[in-house]
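K.L.:
Sending over data-v5.cif (mmCIF, C-alpha atoms and all ligand atoms).
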data_run
loop_
_atom_site.group_PDB
_atom_site.id
_atom_site.type_symbol
_atom_site.label_atom_id
_atom_site.label_comp_id
_atom_site.auth_asym_id
_atom_site.auth_seq_id
_atom_site.Cartn_x
_atom_site.Cartn_y
_atom_site.Cartn_z
ATOM 1 C CA MET V 1 -34.458 9.102 -61.098
ATOM 2 C CA GLY V 2 -38.291 9.235 -61.093
ATOM 3 C CA ARG V 3 -40.209 12.212 -62.391
ATOM 4 C CA ARG V 4 -41.083 14.859 -59.815
ATOM 5 C CA PRO V 5 -44.769 15.361 -58.986
ATOM 6 C CA ALA V 6 -46.559 18.469 -60.255
ATOM 7 C CA PRO V 7 -46.332 21.488 -57.984
ATOM 8 C CA ARG V 8 -49.685 21.673 -56.187
ATOM 9 C CA GLY V 9 -52.487 24.023 -57.180
ATOM 10 C CA ASN V 10 -52.403 27.082 -59.398
ATOM 11 C CA LEU V 11 -49.428 29.269 -60.062
ATOM 12 C CA PRO V 12 -49.679 32.526 -58.067
ATOM 13 C CA GLU V 13 -49.709 35.531 -60.407
ATOM 14 C CA GLY V 14 -46.276 37.091 -61.037
ATOM 15 C CA SER V 15 -44.475 34.155 -59.483
ATOM 16 C CA LEU V 16 -42.480 32.878 -62.463
ATOM 17 C CA SER V 17 -38.949 32.064 -61.454
ATOM 18 C CA THR V 18 -36.060 32.790 -63.808
ATOM 19 C CA GLY V 19 -33.047 30.978 -65.249
ATOM 20 C CA GLU V 20 -32.206 27.349 -64.566
ATOM 21 C CA GLU V 21 -34.939 26.799 -62.001
ATOM 22 C CA ARG V 22 -37.526 28.003 -64.476
ATOM 23 C CA ALA V 23 -36.102 25.798 -67.249
ATOM 24 C CA ARG V 24 -36.335 22.770 -64.965
ATOM 25 C CA LEU V 25 -39.936 23.527 -63.958
ATOM 26 C CA VAL V 26 -40.913 24.039 -67.606
ATOM 27 C CA ARG V 27 -39.223 20.810 -68.734
ATOM 28 C CA GLU V 28 -40.849 18.772 -65.985
ATOM 29 C CA MET V 29 -44.205 20.353 -66.729
ATOM 30 C CA PHE V 30 -44.038 19.426 -70.423
ATOM 31 C CA ASP V 31 -42.904 15.921 -69.464
ATOM 32 C CA ARG V 32 -46.068 15.578 -67.379
ATOM 33 C CA ILE V 33 -48.573 16.932 -69.916
ATOM 34 C CA ALA V 34 -46.971 15.474 -73.085
ATOM 35 C CA GLY V 35 -49.635 12.804 -73.603
ATOM 36 C CA ARG V 36 -52.478 15.335 -73.680
ATOM 37 C CA TYR V 37 -50.622 18.324 -75.144
ATOM 38 C CA GLU V 38 -51.749 18.214 -78.788
ATOM 39 C CA LEU V 39 -55.364 17.410 -77.926
ATOM 40 C CA LEU V 40 -55.486 20.341 -75.514
ATOM 41 C CA ASN V 41 -53.831 22.643 -78.036
ATOM 42 C CA THR V 42 -56.502 21.835 -80.598
ATOM 43 C CA LEU V 43 -59.309 22.266 -78.040
ATOM 44 C CA MET V 44 -57.963 25.525 -76.663
ATOM 45 C CA THR V 45 -57.460 27.131 -80.087
ATOM 46 C CA ALA V 46 -60.613 25.610 -81.638
ATOM 47 C CA GLY V 47 -58.331 24.069 -84.268
ATOM 48 C CA LEU V 48 -56.897 27.453 -85.335
ATOM 49 C CA ASN V 49 -53.406 26.263 -84.363
ATOM 50 C CA ARG V 50 -53.297 24.371 -87.697
ATOM 51 C CA LEU V 51 -53.952 27.597 -89.581
ATOM 52 C CA TRP V 52 -51.332 29.541 -87.608
ATOM 53 C CA ASN V 53 -48.777 26.792 -88.226
ATOM 54 C CA ARG V 54 -49.441 27.053 -91.946
ATOM 55 C CA GLY V 55 -48.625 30.767 -91.727
ATOM 56 C CA ALA V 56 -45.332 29.905 -90.014
ATOM 57 C CA VAL V 57 -44.475 27.391 -92.752
ATOM 58 C CA ARG V 58 -45.164 30.016 -95.444
ATOM 59 C CA ALA V 59 -43.007 32.540 -93.567
ATOM 60 C CA ALA V 60 -40.109 30.057 -93.510
ATOM 61 C CA ALA V 61 -40.062 30.280 -97.360
ATOM 62 C CA LEU V 62 -38.950 26.688 -97.798
ATOM 63 C CA GLY V 63 -39.042 24.670 -100.996
ATOM 64 C CA PRO V 64 -38.634 21.007 -101.915
ATOM 65 C CA GLY V 65 -35.293 19.596 -100.779
ATOM 66 C CA ASP V 66 -34.677 22.320 -98.161
ATOM 67 C CA ARG V 67 -33.543 21.803 -94.566
ATOM 68 C CA ALA V 68 -35.318 23.244 -91.514
ATOM 69 C CA ILE V 69 -34.767 23.087 -87.789
ATOM 70 C CA ASP V 70 -37.843 23.328 -85.546
ATOM 71 C CA LEU V 71 -36.845 24.292 -82.005
ATOM 72 C CA ALA V 72 -38.963 23.470 -78.946
ATOM 73 C CA CYS V 73 -40.792 21.198 -81.379
ATOM 74 C CA GLY V 74 -42.852 19.493 -78.665
ATOM 75 C CA ALA V 75 -45.042 16.742 -80.061
ATOM 76 C CA GLY V 76 -44.067 17.829 -83.585
ATOM 77 C CA ALA V 77 -47.150 19.609 -84.994
ATOM 78 C CA LEU V 78 -45.161 22.305 -86.828
ATOM 79 C CA THR V 79 -42.300 19.893 -87.543
ATOM 80 C CA ARG V 80 -44.665 17.679 -89.544
ATOM 81 C CA ASP V 81 -46.027 20.668 -91.497
ATOM 82 C CA LEU V 82 -42.481 21.757 -92.338
ATOM 83 C CA ALA V 83 -41.655 18.195 -93.418
ATOM 84 C CA LYS V 84 -44.583 18.215 -95.836
ATOM 85 C CA LYS V 85 -43.300 21.464 -97.337
ATOM 86 C CA VAL V 86 -39.691 20.302 -97.922
ATOM 87 C CA GLY V 87 -40.884 16.942 -99.288
ATOM 88 C CA PRO V 88 -39.079 13.605 -99.432
ATOM 89 C CA THR V 89 -35.741 15.107 -100.522
ATOM 90 C CA GLY V 90 -35.768 17.640 -97.711
ATOM 91 C CA TYR V 91 -34.951 17.250 -94.028
ATOM 92 C CA VAL V 92 -36.404 18.612 -90.786
ATOM 93 C CA LEU V 93 -34.756 18.367 -87.402
ATOM 94 C CA GLY V 94 -37.118 18.732 -84.452
ATOM 95 C CA MET V 95 -35.446 19.573 -81.166
ATOM 96 C CA ASP V 96 -36.900 19.767 -77.664
ATOM 97 C CA PHE V 97 -35.588 19.412 -74.115
ATOM 98 C CA SER V 98 -38.557 17.333 -72.898
ATOM 99 C CA ARG V 99 -38.064 13.587 -73.420
ATOM 100 C CA GLU V 100 -41.779 12.928 -73.057
ATOM 101 C CA MET V 101 -42.760 15.517 -75.674
ATOM 102 C CA LEU V 102 -40.244 13.933 -78.061
ATOM 103 C CA LYS V 103 -41.634 10.499 -77.267
ATOM 104 C CA SER V 104 -45.046 11.807 -78.232
ATOM 105 C CA ALA V 105 -43.603 13.283 -81.462
ATOM 106 C CA GLY V 106 -42.007 9.915 -82.210
ATOM 107 C CA THR V 107 -45.405 8.211 -82.348
ATOM 108 C CA ARG V 108 -45.955 9.910 -85.729
ATOM 109 C CA PRO V 109 -42.639 9.331 -87.508
ATOM 110 C CA LEU V 110 -41.872 10.672 -90.993
ATOM 111 C CA PRO V 111 -38.961 9.580 -93.195
ATOM 112 C CA ASN V 112 -37.601 13.114 -93.630
ATOM 113 C CA VAL V 113 -37.835 14.076 -89.935
ATOM 114 C CA GLU V 114 -35.415 13.442 -87.106
ATOM 115 C CA TYR V 115 -36.040 14.325 -83.465
ATOM 116 C CA LYS V 116 -33.267 15.168 -81.026
ATOM 117 C CA LEU V 117 -33.154 16.016 -77.353
ATOM 118 C CA GLY V 118 -31.542 19.406 -76.852
ATOM 119 C CA ASP V 119 -31.716 22.937 -75.523
ATOM 120 C CA ALA V 120 -32.840 25.553 -78.034
ATOM 121 C CA THR V 121 -30.399 28.077 -76.557
ATOM 122 C CA ASP V 122 -27.349 25.857 -77.024
ATOM 123 C CA LEU V 123 -27.037 24.340 -80.505
ATOM 124 C CA ARG V 124 -23.301 23.702 -80.184
ATOM 125 C CA GLY V 125 -23.418 20.406 -82.108
ATOM 126 C CA ILE V 126 -24.992 22.087 -85.129
ATOM 127 C CA GLU V 127 -22.897 23.611 -87.878
ATOM 128 C CA SER V 128 -23.370 27.315 -88.633
ATOM 129 C CA GLY V 129 -25.396 28.040 -91.775
ATOM 130 C CA SER V 130 -26.540 24.437 -92.144
ATOM 131 C CA PHE V 131 -30.314 25.087 -92.364
ATOM 132 C CA ASP V 132 -32.510 27.057 -94.769
ATOM 133 C CA ALA V 133 -34.870 28.059 -91.959
ATOM 134 C CA ALA V 134 -35.165 27.862 -88.189
ATOM 135 C CA THR V 135 -38.580 27.957 -86.520
ATOM 136 C CA ILE V 136 -39.985 28.035 -83.014
ATOM 137 C CA ALA V 137 -43.692 27.804 -82.169
ATOM 138 C CA TYR V 138 -44.980 28.621 -78.669
ATOM 139 C CA GLY V 139 -41.529 27.941 -77.280
ATOM 140 C CA ALA V 140 -39.880 31.378 -76.988
ATOM 141 C CA ARG V 141 -42.121 32.431 -74.082
ATOM 142 C CA ASN V 142 -40.708 29.552 -72.047
ATOM 143 C CA ILE V 143 -37.087 30.478 -72.670
ATOM 144 C CA PRO V 144 -35.347 32.796 -70.185
ATOM 145 C CA SER V 145 -32.641 34.055 -72.597
ATOM 146 C CA LEU V 146 -34.148 35.268 -75.865
ATOM 147 C CA ASP V 147 -30.733 36.576 -76.951
ATOM 148 C CA ALA V 148 -29.276 33.077 -76.628
ATOM 149 C CA LEU V 149 -32.251 31.635 -78.527
ATOM 150 C CA PHE V 150 -32.245 34.062 -81.468
ATOM 151 C CA GLY V 151 -28.437 34.194 -81.542
ATOM 152 C CA GLU V 152 -28.408 30.436 -82.098
ATOM 153 C CA MET V 153 -31.289 30.505 -84.587
ATOM 154 C CA ALA V 154 -29.513 33.180 -86.622
ATOM 155 C CA ARG V 155 -26.251 31.246 -86.466
ATOM 156 C CA VAL V 156 -27.563 27.909 -87.763
ATOM 157 C CA VAL V 157 -29.421 29.309 -90.804
ATOM 158 C CA ARG V 158 -27.598 30.072 -94.049
ATOM 159 C CA PRO V 159 -27.239 33.652 -95.335
ATOM 160 C CA GLY V 160 -30.638 34.536 -96.813
ATOM 161 C CA GLY V 161 -32.349 31.913 -94.620
ATOM 162 C CA ARG V 162 -35.381 32.704 -92.463
ATOM 163 C CA VAL V 163 -35.923 32.706 -88.704
ATOM 164 C CA VAL V 164 -39.585 32.348 -87.720
ATOM 165 C CA CYS V 165 -41.231 32.697 -84.315
ATOM 166 C CA LEU V 166 -44.890 31.959 -83.629
ATOM 167 C CA GLU V 167 -46.023 32.921 -80.138
ATOM 168 C CA ILE V 168 -49.052 33.671 -77.994
ATOM 169 C CA ALA V 169 -49.384 37.374 -77.189
ATOM 170 C CA ARG V 170 -51.586 39.807 -75.305
ATOM 171 C CA PRO V 171 -54.009 41.509 -77.695
ATOM 172 C CA GLU V 172 -54.455 45.287 -77.464
ATOM 173 C CA GLY V 173 -57.918 45.826 -78.980
ATOM 174 C CA ARG V 174 -60.792 46.004 -76.429
ATOM 175 C CA VAL V 175 -62.841 43.137 -77.848
ATOM 176 C CA SER V 176 -59.827 40.825 -78.235
ATOM 177 C CA ALA V 177 -58.507 41.773 -74.803
ATOM 178 C CA THR V 178 -61.857 40.976 -73.154
ATOM 179 C CA PHE V 179 -62.087 37.661 -74.962
ATOM 180 C CA TYR V 180 -58.470 36.950 -74.094
ATOM 181 C CA GLY V 181 -59.081 37.676 -70.389
ATOM 182 C CA LEU V 182 -62.000 35.271 -70.275
ATOM 183 C CA TRP V 183 -60.368 32.594 -72.341
ATOM 184 C CA PHE V 184 -56.797 32.571 -71.036
ATOM 185 C CA ASP V 185 -57.392 33.520 -67.430
ATOM 186 C CA ARG V 186 -60.476 31.352 -66.870
ATOM 187 C CA VAL V 187 -61.272 28.762 -69.542
ATOM 188 C CA VAL V 188 -57.695 27.650 -70.311
ATOM 189 C CA PRO V 189 -56.674 26.930 -66.665
ATOM 190 C CA TRP V 190 -60.003 25.159 -66.014
ATOM 191 C CA LEU V 191 -59.988 23.086 -69.233
ATOM 192 C CA GLY V 192 -56.275 22.336 -68.947
ATOM 193 C CA ALA V 193 -56.618 21.134 -65.379
ATOM 194 C CA LYS V 194 -59.608 18.949 -66.290
ATOM 195 C CA VAL V 195 -58.081 17.314 -69.363
ATOM 196 C CA SER V 196 -54.421 17.067 -68.330
ATOM 197 C CA GLY V 197 -54.973 16.718 -64.574
ATOM 198 C CA ASP V 198 -52.220 19.338 -64.108
ATOM 199 C CA ALA V 199 -53.633 22.612 -62.755
ATOM 200 C CA TRP V 200 -50.160 24.097 -62.369
ATOM 201 C CA ALA V 201 -49.275 23.662 -66.057
ATOM 202 C CA TYR V 202 -52.339 25.457 -67.321
ATOM 203 C CA SER V 203 -52.099 28.350 -64.902
ATOM 204 C CA TYR V 204 -48.447 28.669 -65.968
ATOM 205 C CA LEU V 205 -49.602 29.221 -69.560
ATOM 206 C CA PRO V 206 -51.410 32.590 -69.057
ATOM 207 C CA GLU V 207 -48.729 33.692 -66.577
ATOM 208 C CA SER V 208 -45.969 33.011 -69.099
ATOM 209 C CA VAL V 209 -47.818 35.019 -71.763
ATOM 210 C CA LYS V 210 -48.157 37.971 -69.350
ATOM 211 C CA ALA V 211 -44.468 37.809 -68.514
ATOM 212 C CA PHE V 212 -43.360 37.660 -72.179
ATOM 213 C CA VAL V 213 -41.921 40.638 -74.093
ATOM 214 C CA ALA V 214 -44.195 42.779 -76.319
ATOM 215 C CA PRO V 215 -44.093 42.033 -80.076
ATOM 216 C CA ASP V 216 -42.020 45.156 -80.934
ATOM 217 C CA GLU V 217 -39.490 44.223 -78.252
ATOM 218 C CA LEU V 218 -39.276 40.687 -79.657
ATOM 219 C CA ALA V 219 -38.606 42.142 -83.132
ATOM 220 C CA HIS V 220 -35.870 44.309 -81.598
ATOM 221 C CA ILE V 221 -34.278 41.258 -79.943
ATOM 222 C CA MET V 222 -34.270 39.439 -83.296
ATOM 223 C CA ARG V 223 -32.568 42.439 -84.977
ATOM 224 C CA ARG V 224 -29.912 42.771 -82.309
ATOM 225 C CA ASN V 225 -29.087 39.102 -82.849
ATOM 226 C CA GLY V 226 -28.159 39.717 -86.471
ATOM 227 C CA LEU V 227 -31.442 39.314 -88.335
ATOM 228 C CA GLN V 228 -32.691 41.835 -90.869
ATOM 229 C CA ASN V 229 -36.042 42.695 -92.488
ATOM 230 C CA VAL V 230 -37.686 41.655 -89.235
ATOM 231 C CA THR V 231 -41.473 41.989 -89.416
ATOM 232 C CA TRP V 232 -44.331 40.715 -87.307
ATOM 233 C CA ARG V 233 -48.056 40.358 -87.746
ATOM 234 C CA PRO V 234 -50.904 39.563 -85.398
ATOM 235 C CA ASN V 235 -53.214 36.598 -85.939
ATOM 236 C CA ALA V 236 -56.702 36.251 -84.476
ATOM 237 C CA GLY V 237 -56.840 39.862 -83.247
ATOM 238 C CA GLY V 238 -53.361 39.707 -81.700
ATOM 239 C CA ILE V 239 -53.745 36.541 -79.628
ATOM 240 C CA VAL V 240 -50.927 34.997 -81.657
ATOM 241 C CA THR V 241 -48.046 36.799 -83.357
ATOM 242 C CA LEU V 242 -45.815 35.666 -86.192
ATOM 243 C CA HIS V 243 -42.318 37.181 -86.349
ATOM 244 C CA VAL V 244 -40.009 36.655 -89.333
ATOM 245 C CA GLY V 245 -36.423 37.738 -89.928
ATOM 246 C CA THR V 246 -33.778 37.011 -92.551
ATOM 247 C CA LYS V 247 -30.095 36.308 -92.041
ATOM 248 C CA PRO V 248 -28.110 38.863 -94.066
ATOM 249 C CA GLY V 249 -26.695 37.455 -97.336
HETATM 250 C C1 LIG V 301 -45.970 25.015 -75.821
HETATM 251 S S1 LIG V 301 -44.896 23.731 -76.330
HETATM 252 C C2 LIG V 301 -44.833 23.978 -78.088
HETATM 253 C C3 LIG V 301 -44.573 22.713 -78.845
HETATM 254 C C4 LIG V 301 -44.641 22.812 -80.356
HETATM 255 N N1 LIG V 301 -43.681 23.739 -80.880
HETATM 256 C C5 LIG V 301 -46.017 23.151 -80.833
HETATM 257 O O1 LIG V 301 -46.160 24.060 -81.637
HETATM 258 O O2 LIG V 301 -46.957 22.467 -80.446
HETATM 259 C C6 LIG V 301 -43.339 24.349 -75.799
HETATM 260 C C7 LIG V 301 -42.223 23.361 -75.948
HETATM 261 O O3 LIG V 301 -41.011 24.047 -75.709
HETATM 262 C C8 LIG V 301 -40.110 23.137 -75.108
HETATM 263 N N2 LIG V 301 -39.013 23.933 -74.539
HETATM 264 C C9 LIG V 301 -39.100 24.924 -73.630
HETATM 265 N N3 LIG V 301 -37.891 25.439 -73.382
HETATM 266 C C10 LIG V 301 -37.007 24.769 -74.169
HETATM 267 C C11 LIG V 301 -35.613 24.853 -74.372
HETATM 268 N N4 LIG V 301 -34.846 25.744 -73.716
HETATM 269 N N5 LIG V 301 -35.042 24.028 -75.268
HETATM 270 C C12 LIG V 301 -35.788 23.118 -75.942
HETATM 271 N N6 LIG V 301 -37.115 22.982 -75.779
HETATM 272 C C13 LIG V 301 -37.726 23.813 -74.912
HETATM 273 C C14 LIG V 301 -40.979 22.371 -74.136
HETATM 274 O O4 LIG V 301 -40.410 21.163 -73.716
HETATM 275 C C15 LIG V 301 -42.252 22.185 -74.965
HETATM 276 O O5 LIG V 301 -42.246 20.980 -75.673
#
Taking this structure as input, can you express it in the form of structure tokens?
P.N.:
Amino acid sequence: MGRRPAPRGNLPEGSLSTGEERARLVREMFDRIAGRYELLNTLMTAGLNRLWNRGAVRAAALGPGDRAIDLACGAGALTRDLAKKVGPTGYVLGMDFSREMLKSAGTRPLPNVEYKLGDATDLRGIESGSFDAATIAYGARNIPSLDALFGEMARVVRPGGRVVCLEIARPEGRVSATFYGLWFDRVVPWLGAKVSGDAWAYSYLPESVKAFVAPDELAHIMRRNGLQNVTWRPNAGGIVTLHVGTKPG
């Protein structure tokens, strides 16, 4: 079956659908923009995404020879950083439900990385406790059931292992909020439409951030899914948040 065309125009505010329909729209959207995704990410964050990823790798507390699973790995930016950290004796599994994003990830193969097609909320084929850390970067906001996501992340890490979530957020400070409004509501949709040719995808981005849970609520969801010592910190004035939790030993 051929790929569906992009929905036309911008996404009307507050119009995000839920459940399966939303998952399908998100998957098809990432299939369409896969080729330009990493370039746009770098442009839209002025390269700061590399710095934020490094913070996520540190939070995962991995060492040489460790095993990590990177969910909603996309074109593999964080996956590759994790792979560097665990070294040649380690292993990183990158998982995403968009074939095109995985194809893009596959253009930069590494010997200690494997990519698999799969849904981050259903890791049935993966043994419990089989990873030292589970990460997700800019994926959680796209996932309708955060309980299913964090339940699975907590399940597949070993006792004492880390669960890490990097996500775009809505800053609270006046200066950051003003900058955020300009950047996410105006520049991002315009730049995204120009570079990717997909206006819908880049008006979805700010809408999905607005619809996402607040950082304290996300921490609460992680705790109720069995993680402890859950903390979060803002990056870049709260535009990006990094949540970390540990599976009880
Ligand atoms: C904004 S991209 C982030 C990609 C990558 N983690 C990064 O840091 O660049 C979001 C990714 O989440 C994937 N995704 C969304 N929902 C998913 C799900 N339920 N299961 C697996 N992947 C999912 C999309 O296909 C897309 O590649």
K.L.:
Between V:Asp66, V:Ala56, V:Leu191, V:Gly94, single out the one closest to V:Gly106, counting all atoms listed in the file.
P.N.:
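Once distances to V:Gly106 are computed over all atoms listed in the file, the minimum belongs to V:Gly94.
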K.L.:
Counting all atoms listed in the file, figure out which residue out of V:Glu152, V:Glu28, V:Glu217, V:Asp147 gets nearest to ligand LIG 301 (chain V).
P.N.:
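Using all atoms listed in the file, ligand LIG 301 (chain V) sits closest to V:Glu28.
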K.L.:
Would you mind listing the residues within 7 Å of ligand LIG 301 (chain V), counting all atoms listed in the file, as a compact mmCIF listing (two decimals) with C-alpha atoms, keeping the file's coordinate frame?
P.N.:
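The result, stored in pocket-v9.txt:
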# COMPACT_ATOMS: atom_id res chain seq x y z
CA ALA V 23 -36.10 25.80 -67.25
CA VAL V 26 -40.91 24.04 -67.61
CA ARG V 27 -39.22 20.81 -68.73
CA PHE V 30 -44.04 19.43 -70.42
CA GLU V 38 -51.75 18.21 -78.79
CA LEU V 71 -36.84 24.29 -82.00
CA ALA V 72 -38.96 23.47 -78.95
CA CYS V 73 -40.79 21.20 -81.38
CA GLY V 74 -42.85 19.49 -78.67
CA ALA V 75 -45.04 16.74 -80.06
CA GLY V 76 -44.07 17.83 -83.58
CA ALA V 77 -47.15 19.61 -84.99
CA LEU V 78 -45.16 22.30 -86.83
CA MET V 95 -35.45 19.57 -81.17
CA ASP V 96 -36.90 19.77 -77.66
CA PHE V 97 -35.59 19.41 -74.11
CA SER V 98 -38.56 17.33 -72.90
CA MET V 101 -42.76 15.52 -75.67
CA GLY V 118 -31.54 19.41 -76.85
CA ASP V 119 -31.72 22.94 -75.52
CA ALA V 120 -32.84 25.55 -78.03
CA THR V 121 -30.40 28.08 -76.56
CA ILE V 136 -39.98 28.04 -83.01
CA ALA V 137 -43.69 27.80 -82.17
CA TYR V 138 -44.98 28.62 -78.67
CA GLY V 139 -41.53 27.94 -77.28
CA ASN V 142 -40.71 29.55 -72.05
CA ILE V 143 -37.09 30.48 -72.67
K.L.:
Give me, please, the distance in Å between atom CA of V:Val156 and atom CA of V:Ala219, quoted to one decimal.
P.N.:
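Atom CA of V:Ala219 lies at a distance of 18.6 Å from atom CA of V:Val156.
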K.L.:
My list of candidates is V:Leu110, V:Leu149, V:Leu218, V:Leu205. Which is closest to V:Asp81 when distances are computed with all atoms listed in the file?
P.N.:
V:Leu110
K.L.:
May I have the residues within 10 Å of V:Ser130 as a PyMOL selection string, using all atoms listed in the file and disregarding those fewer than 5 positions away in the same chain?
P.N.:
chain V and resi 67-69+155-159+161
K.L.:
Include C-alpha atoms and write out the residues we just selected as an mmCIF file, keeping the file's coordinate frame.
P.N.:
data_model
loop_
_atom_site.group_PDB
_atom_site.id
_atom_site.type_symbol
_atom_site.label_atom_id
_atom_site.label_comp_id
_atom_site.auth_asym_id
_atom_site.auth_seq_id
_atom_site.Cartn_x
_atom_site.Cartn_y
_atom_site.Cartn_z
ATOM 1 C CA ARG V 67 -33.543 21.803 -94.566
ATOM 2 C CA ALA V 68 -35.318 23.244 -91.514
ATOM 3 C CA ILE V 69 -34.767 23.087 -87.789
ATOM 4 C CA ARG V 155 -26.251 31.246 -86.466
ATOM 5 C CA VAL V 156 -27.563 27.909 -87.763
ATOM 6 C CA VAL V 157 -29.421 29.309 -90.804
ATOM 7 C CA ARG V 158 -27.598 30.072 -94.049
ATOM 8 C CA PRO V 159 -27.239 33.652 -95.335
ATOM 9 C CA GLY V 161 -32.349 31.913 -94.620
#
K.L.:
Given the file shown, determine the residues that the PyMOL selection byres (((chain V and resi 83-85) around 10) and not hetatm) selects; report them as a list of chain:residue names.
P.N.:
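With the shown file as input, the PyMOL selection byres (((chain V and resi 83-85) around 10) and not hetatm) matches V:Arg54, V:Val57, V:Arg58, V:Ala60, V:Ala61, V:Leu62, V:Gly63, V:Pro64, V:Gly65, V:Asp66, V:Arg67, V:Ala68, V:Leu78, V:Thr79, V:Arg80, V:Asp81, V:Leu82, V:Val86, V:Gly87, V:Pro88, V:Thr89, V:Gly90, V:Tyr91, V:Val92, V:Leu93, V:Leu110, V:Pro111, V:Asn112, V:Val113.
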K.L.:
So which residues touch V:Glu172 within 9 Å, counting all atoms listed in the file, skipping near sequence neighbours fewer than 5 positions away, as an NGL selection string?
P.N.:
:V and (177 or 237-238)
K.L.:
Residues of the last selection are to be written out with C-alpha atoms, as a PDB file, keeping the file's coordinate frame.
P.N.:
ATOM      1  CA  ALA V 177     -58.507  41.773 -74.803  1.00  0.00           C
ATOM      2  CA  GLY V 237     -56.840  39.862 -83.247  1.00  0.00           C
ATOM      3  CA  GLY V 238     -53.361  39.707 -81.700  1.00  0.00           C
TER       4      GLY V 238
END
K.L.:
So that I can check the surroundings of V:Leu40, please list as a list in words every protein, DNA and RNA residue that reaches within 8 Å of it, counting only C-alpha atoms and ignoring chain neighbours fewer than 3 positions away.
P.N.:
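With the cut-off at 8 Å, the set is Arg36, Tyr37, Leu43, Met44, Gly192, Val195 and Ser196 of chain V.
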K.L.:
Rank nothing, just name the residue among V:Gly173, V:Gly197, V:Gly245, V:Gly19 nearest to V:Ala154, using all atoms listed in the file.
P.N.:
V:Gly245
K.L.:
Closest to V:Leu123 among V:Val175, V:Ile221, V:Ala148, V:Met29, using only C-alpha atoms?
P.N.:
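Of all the options, V:Ala148 lies closest to V:Leu123.
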K.L.:
So, counting all atoms listed in the file, which residue among V:Val230, V:Ala236, V:Val163, V:Ala59 is closest to V:Ala46?
P.N.:
V:Ala236
K.L.:
Taking the file above as input, evaluate the PyMOL selection byres (((chain V and resi 231) around 10) and not hetatm) and report the hits as an MDAnalysis selection string.
P.N.:
chainID V and resid 164 215:216 219:220 222:223 228:230 232:233 242:246
K.L.:
Could you jot down the atom CA of V:Ala134 to atom CA of V:Lys210 separation for me, Å, one decimal place?
P.N.:
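Computing the Euclidean distance for atom CA of V:Ala134 and atom CA of V:Lys210 yields 25.0 Å.
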K.L.:
How far is it from atom CA of V:Asp70 to atom CA of V:Ile126, in Å with one decimal?
P.N.:
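Separating atom CA of V:Asp70 from atom CA of V:Ile126 is a distance of 12.9 Å.
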K.L.:
List every protein, DNA or RNA residue that has at least one atom no more than 12 Å from (-53.3, 27.2, -66.6) in the file's coordinates, counting all atoms listed in the file, and write the result as a PyMOL selection string.
P.N.:
chain V and resi 9-13+29+33+40+44+183-209
K.L.:
Can you spit out the residues from that selection as a PDB file, in the frame of the given file, using C-alpha atoms?
P.N.:
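The resulting result-v3.pdb:
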ATOM      1  CA  GLY V   9     -52.487  24.023 -57.180  1.00  0.00           C
ATOM      2  CA  ASN V  10     -52.403  27.082 -59.398  1.00  0.00           C
ATOM      3  CA  LEU V  11     -49.428  29.269 -60.062  1.00  0.00           C
ATOM      4  CA  PRO V  12     -49.679  32.526 -58.067  1.00  0.00           C
ATOM      5  CA  GLU V  13     -49.709  35.531 -60.407  1.00  0.00           C
ATOM      6  CA  MET V  29     -44.205  20.353 -66.729  1.00  0.00           C
ATOM      7  CA  ILE V  33     -48.573  16.932 -69.916  1.00  0.00           C
ATOM      8  CA  LEU V  40     -55.486  20.341 -75.514  1.00  0.00           C
ATOM      9  CA  MET V  44     -57.963  25.525 -76.663  1.00  0.00           C
ATOM     10  CA  TRP V 183     -60.368  32.594 -72.341  1.00  0.00           C
ATOM     11  CA  PHE V 184     -56.797  32.571 -71.036  1.00  0.00           C
ATOM     12  CA  ASP V 185     -57.392  33.520 -67.430  1.00  0.00           C
ATOM     13  CA  ARG V 186     -60.476  31.352 -66.870  1.00  0.00           C
ATOM     14  CA  VAL V 187     -61.272  28.762 -69.542  1.00  0.00           C
ATOM     15  CA  VAL V 188     -57.695  27.650 -70.311  1.00  0.00           C
ATOM     16  CA  PRO V 189     -56.674  26.930 -66.665  1.00  0.00           C
ATOM     17  CA  TRP V 190     -60.003  25.159 -66.014  1.00  0.00           C
ATOM     18  CA  LEU V 191     -59.988  23.086 -69.233  1.00  0.00           C
ATOM     19  CA  GLY V 192     -56.275  22.336 -68.947  1.00  0.00           C
ATOM     20  CA  ALA V 193     -56.618  21.134 -65.379  1.00  0.00           C
ATOM     21  CA  LYS V 194     -59.608  18.949 -66.290  1.00  0.00           C
ATOM     22  CA  VAL V 195     -58.081  17.314 -69.363  1.00  0.00           C
ATOM     23  CA  SER V 196     -54.421  17.067 -68.330  1.00  0.00           C
ATOM     24  CA  GLY V 197     -54.973  16.718 -64.574  1.00  0.00           C
ATOM     25  CA  ASP V 198     -52.220  19.338 -64.108  1.00  0.00           C
ATOM     26  CA  ALA V 199     -53.633  22.612 -62.755  1.00  0.00           C
ATOM     27  CA  TRP V 200     -50.160  24.097 -62.369  1.00  0.00           C
ATOM     28  CA  ALA V 201     -49.275  23.662 -66.057  1.00  0.00           C
ATOM     29  CA  TYR V 202     -52.339  25.457 -67.321  1.00  0.00           C
ATOM     30  CA  SER V 203     -52.099  28.350 -64.902  1.00  0.00           C
ATOM     31  CA  TYR V 204     -48.447  28.669 -65.968  1.00  0.00           C
ATOM     32  CA  LEU V 205     -49.602  29.221 -69.560  1.00  0.00           C
ATOM     33  CA  PRO V 206     -51.410  32.590 -69.057  1.00  0.00           C
ATOM     34  CA  GLU V 207     -48.729  33.692 -66.577  1.00  0.00           C
ATOM     35  CA  SER V 208     -45.969  33.011 -69.099  1.00  0.00           C
ATOM     36  CA  VAL V 209     -47.818  35.019 -71.763  1.00  0.00           C
TER      37      VAL V 209
END
